[in-house]
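A.B. asks: Structure incoming, see below.
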Amino acid sequence: MATDAGFSSALPYVSWSNATVALIPAAQWELVYGSMQAFKGHVQEYPGLQSVDAFAEVEGDGDVRIYCFSTWDTPEQLEAFVERGYTLVRMLRDTAGIEAESTRLLEKIF
């Protein structure tokens, strides 16, 4: 199934998400955590955003792997955010010089 914007969809109704995974060195975790709180507050002002969810996994050496998802009403809103918005990838680069391990565009089916 394709949307009006030409995006393929697995189901007739879904939400659209951006998933980012990054490994944060223990020494930078406090800085990044505070920046993530400000990031969430900023992104909540974007039209079409449903939610921002972040999960953390502490590694044996104290580093923290984060999994962050932003979910949007339409694929067009997600596309605009990824192209022009202040994404987590950009925030990590700007505040801590950290590159994300991966970024994916996903359909949230429930």
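Ligands are numbered from 1 in the order shown, chains are lettered A, B, ... in the order of the structure tokens, and residues start at 1 in each chain.
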With only C-alpha atoms as the counted atoms, please give the residues lying no more than 10 Å from Leu49 in chain A, apart from itself and same-chain residues fewer than 4 positions off, as a list in words.
C.D. replies: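 The filter keeps Ser15, Trp16, Ser17, Val43, Gln44, Glu45, Ser70, Thr71, Trp72, Asp73, Thr74, Gln77, Leu78 and Phe81 of chain A.
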A.B. asks: Since we have the selection now, will you write its residues out, keeping N, CA, C and O atoms, as a PDB file, in the first residue's frame?
C.D. replies:
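The new file again21.pdb reads:
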```
ATOM      1  N   SER A  15       1.436   4.969  12.075  1.00  0.00           N
ATOM      2  CA  SER A  15       2.152   6.199  12.395  1.00  0.00           C
ATOM      3  C   SER A  15       3.567   6.007  11.869  1.00  0.00           C
ATOM      4  O   SER A  15       4.000   4.894  11.604  1.00  0.00           O
ATOM      5  N   TRP A  16       4.290   7.084  11.769  1.00  0.00           N
ATOM      6  CA  TRP A  16       5.616   7.044  11.159  1.00  0.00           C
ATOM      7  C   TRP A  16       6.651   7.440  12.196  1.00  0.00           C
ATOM      8  O   TRP A  16       6.489   8.442  12.890  1.00  0.00           O
ATOM      9  N   SER A  17       7.726   6.662  12.310  1.00  0.00           N
ATOM     10  CA  SER A  17       8.720   6.899  13.355  1.00  0.00           C
ATOM     11  C   SER A  17      10.138   6.987  12.803  1.00  0.00           C
ATOM     12  O   SER A  17      10.452   6.422  11.757  1.00  0.00           O
ATOM     13  N   VAL A  43      11.453  19.491  20.336  1.00  0.00           N
ATOM     14  CA  VAL A  43      10.799  18.714  19.277  1.00  0.00           C
ATOM     15  C   VAL A  43       9.287  18.642  19.495  1.00  0.00           C
ATOM     16  O   VAL A  43       8.532  18.553  18.534  1.00  0.00           O
ATOM     17  N   GLN A  44       8.829  18.714  20.728  1.00  0.00           N
ATOM     18  CA  GLN A  44       7.389  18.651  21.001  1.00  0.00           C
ATOM     19  C   GLN A  44       6.622  19.794  20.346  1.00  0.00           C
ATOM     20  O   GLN A  44       5.408  19.715  20.201  1.00  0.00           O
ATOM     21  N   GLU A  45       7.318  20.837  19.933  1.00  0.00           N
ATOM     22  CA  GLU A  45       6.665  21.971  19.273  1.00  0.00           C
ATOM     23  C   GLU A  45       6.455  21.737  17.778  1.00  0.00           C
ATOM     24  O   GLU A  45       5.757  22.513  17.140  1.00  0.00           O
ATOM     25  N   SER A  70      11.007   8.989  17.626  1.00  0.00           N
ATOM     26  CA  SER A  70      10.036  10.066  17.484  1.00  0.00           C
ATOM     27  C   SER A  70       8.960   9.554  16.536  1.00  0.00           C
ATOM     28  O   SER A  70       9.269   8.946  15.511  1.00  0.00           O
ATOM     29  N   THR A  71       7.697   9.769  16.888  1.00  0.00           N
ATOM     30  CA  THR A  71       6.582   9.231  16.106  1.00  0.00           C
ATOM     31  C   THR A  71       5.715  10.381  15.616  1.00  0.00           C
ATOM     32  O   THR A  71       5.400  11.299  16.375  1.00  0.00           O
ATOM     33  N   TRP A  72       5.327  10.281  14.341  1.00  0.00           N
ATOM     34  CA  TRP A  72       4.667  11.381  13.628  1.00  0.00           C
ATOM     35  C   TRP A  72       3.347  10.929  13.025  1.00  0.00           C
ATOM     36  O   TRP A  72       3.153   9.766  12.722  1.00  0.00           O
ATOM     37  N   ASP A  73       2.451  11.902  12.804  1.00  0.00           N
ATOM     38  CA  ASP A  73       1.149  11.615  12.201  1.00  0.00           C
ATOM     39  C   ASP A  73       1.261  11.163  10.749  1.00  0.00           C
ATOM     40  O   ASP A  73       0.540  10.268  10.324  1.00  0.00           O
ATOM     41  N   THR A  74       2.118  11.819   9.981  1.00  0.00           N
ATOM     42  CA  THR A  74       2.200  11.529   8.540  1.00  0.00           C
ATOM     43  C   THR A  74       3.652  11.339   8.111  1.00  0.00           C
ATOM     44  O   THR A  74       4.576  11.863   8.748  1.00  0.00           O
ATOM     45  N   GLN A  77       5.372  14.740   7.484  1.00  0.00           N
ATOM     46  CA  GLN A  77       5.870  15.440   8.665  1.00  0.00           C
ATOM     47  C   GLN A  77       7.191  14.836   9.127  1.00  0.00           C
ATOM     48  O   GLN A  77       8.116  15.559   9.494  1.00  0.00           O
ATOM     49  N   LEU A  78       7.284  13.517   9.104  1.00  0.00           N
ATOM     50  CA  LEU A  78       8.540  12.854   9.474  1.00  0.00           C
ATOM     51  C   LEU A  78       9.644  13.240   8.498  1.00  0.00           C
ATOM     52  O   LEU A  78      10.750  13.574   8.901  1.00  0.00           O
ATOM     53  N   PHE A  81      10.879  16.710   9.192  1.00  0.00           N
ATOM     54  CA  PHE A  81      11.697  16.716  10.405  1.00  0.00           C
ATOM     55  C   PHE A  81      13.096  16.183  10.131  1.00  0.00           C
ATOM     56  O   PHE A  81      14.092  16.795  10.524  1.00  0.00           O
TER      57      PHE A  81
END
```
A.B. asks: So which residues of chain A fall under strand (DSSP E) by DSSP, listed as a PyMOL selection string?
C.D. replies: chain A and resi 15-24+49-58+64-72+102-108
A.B. asks: Can you pull out every residue within 10 Å of range 62-65 of chain A, counting only C-alpha atoms, but drop anything in the same chain fewer than 3 positions away, and send it as a list in words?
C.D. replies: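 Within the cut-off, the hits are Val21, Ala22, Leu23, Ile24, Pro25, Ala26, Ala27, Gln28, Trp29, Phe55, Ala56, Glu57, Val58, Glu59, Cys68, Ala100 and Glu101 of chain A.
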A.B. asks: Identify all residues of chain A in alpha helix (DSSP H) (DSSP on the backbone) and supply them as a PyMOL selection string.
C.D. replies: chain A and resi 29-43+75-84+88-96
A.B. asks: So what do you get for CA of Gln50 in chain A versus CA of Thr103 in chain A, distance-wise?
C.D. replies: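 Going from CA of Gln50 in chain A over to CA of Thr103 in chain A covers 18.6 Å.
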A.B. asks: Find the distance between CA of Leu92 in chain A and CA of Met36 in chain A and write it in Å to one decimal.
C.D. replies: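 Those two atoms sit 8.7 Å apart.
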A.B. asks: Please provide as a PyMOL selection string all residues within 7 Å of Ala54 in chain A, with the sequence filter that same-chain residues fewer than 3 positions apart are discarded (counting only C-alpha atoms).
C.D. replies: chain A and resi 66-69
A.B. asks: Do you have the CA of Phe39 in chain A-CA of Asp61 in chain A distance handy?
C.D. replies: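 Distance reported for this atom pair: 25.9 Å.
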A.B. asks: Choose the residue, out of A:Asp53, A:Tyr13, A:Thr20, A:Leu31, that has the smallest atom-to-atom separation from Val89 in chain A; count only C-alpha atoms.
C.D. replies: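 When distances to Val89 in chain A are compared using only C-alpha atoms, the smallest one comes from A:Thr20.
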A.B. asks: Would you mind telling me which residue in A:His42, A:Val14, A:Val32, A:Ser51 lies nearest to Gly85 in chain A when using only C-alpha atoms?
C.D. replies: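 Answer, going by the shortest atom-to-atom distance: A:His42.
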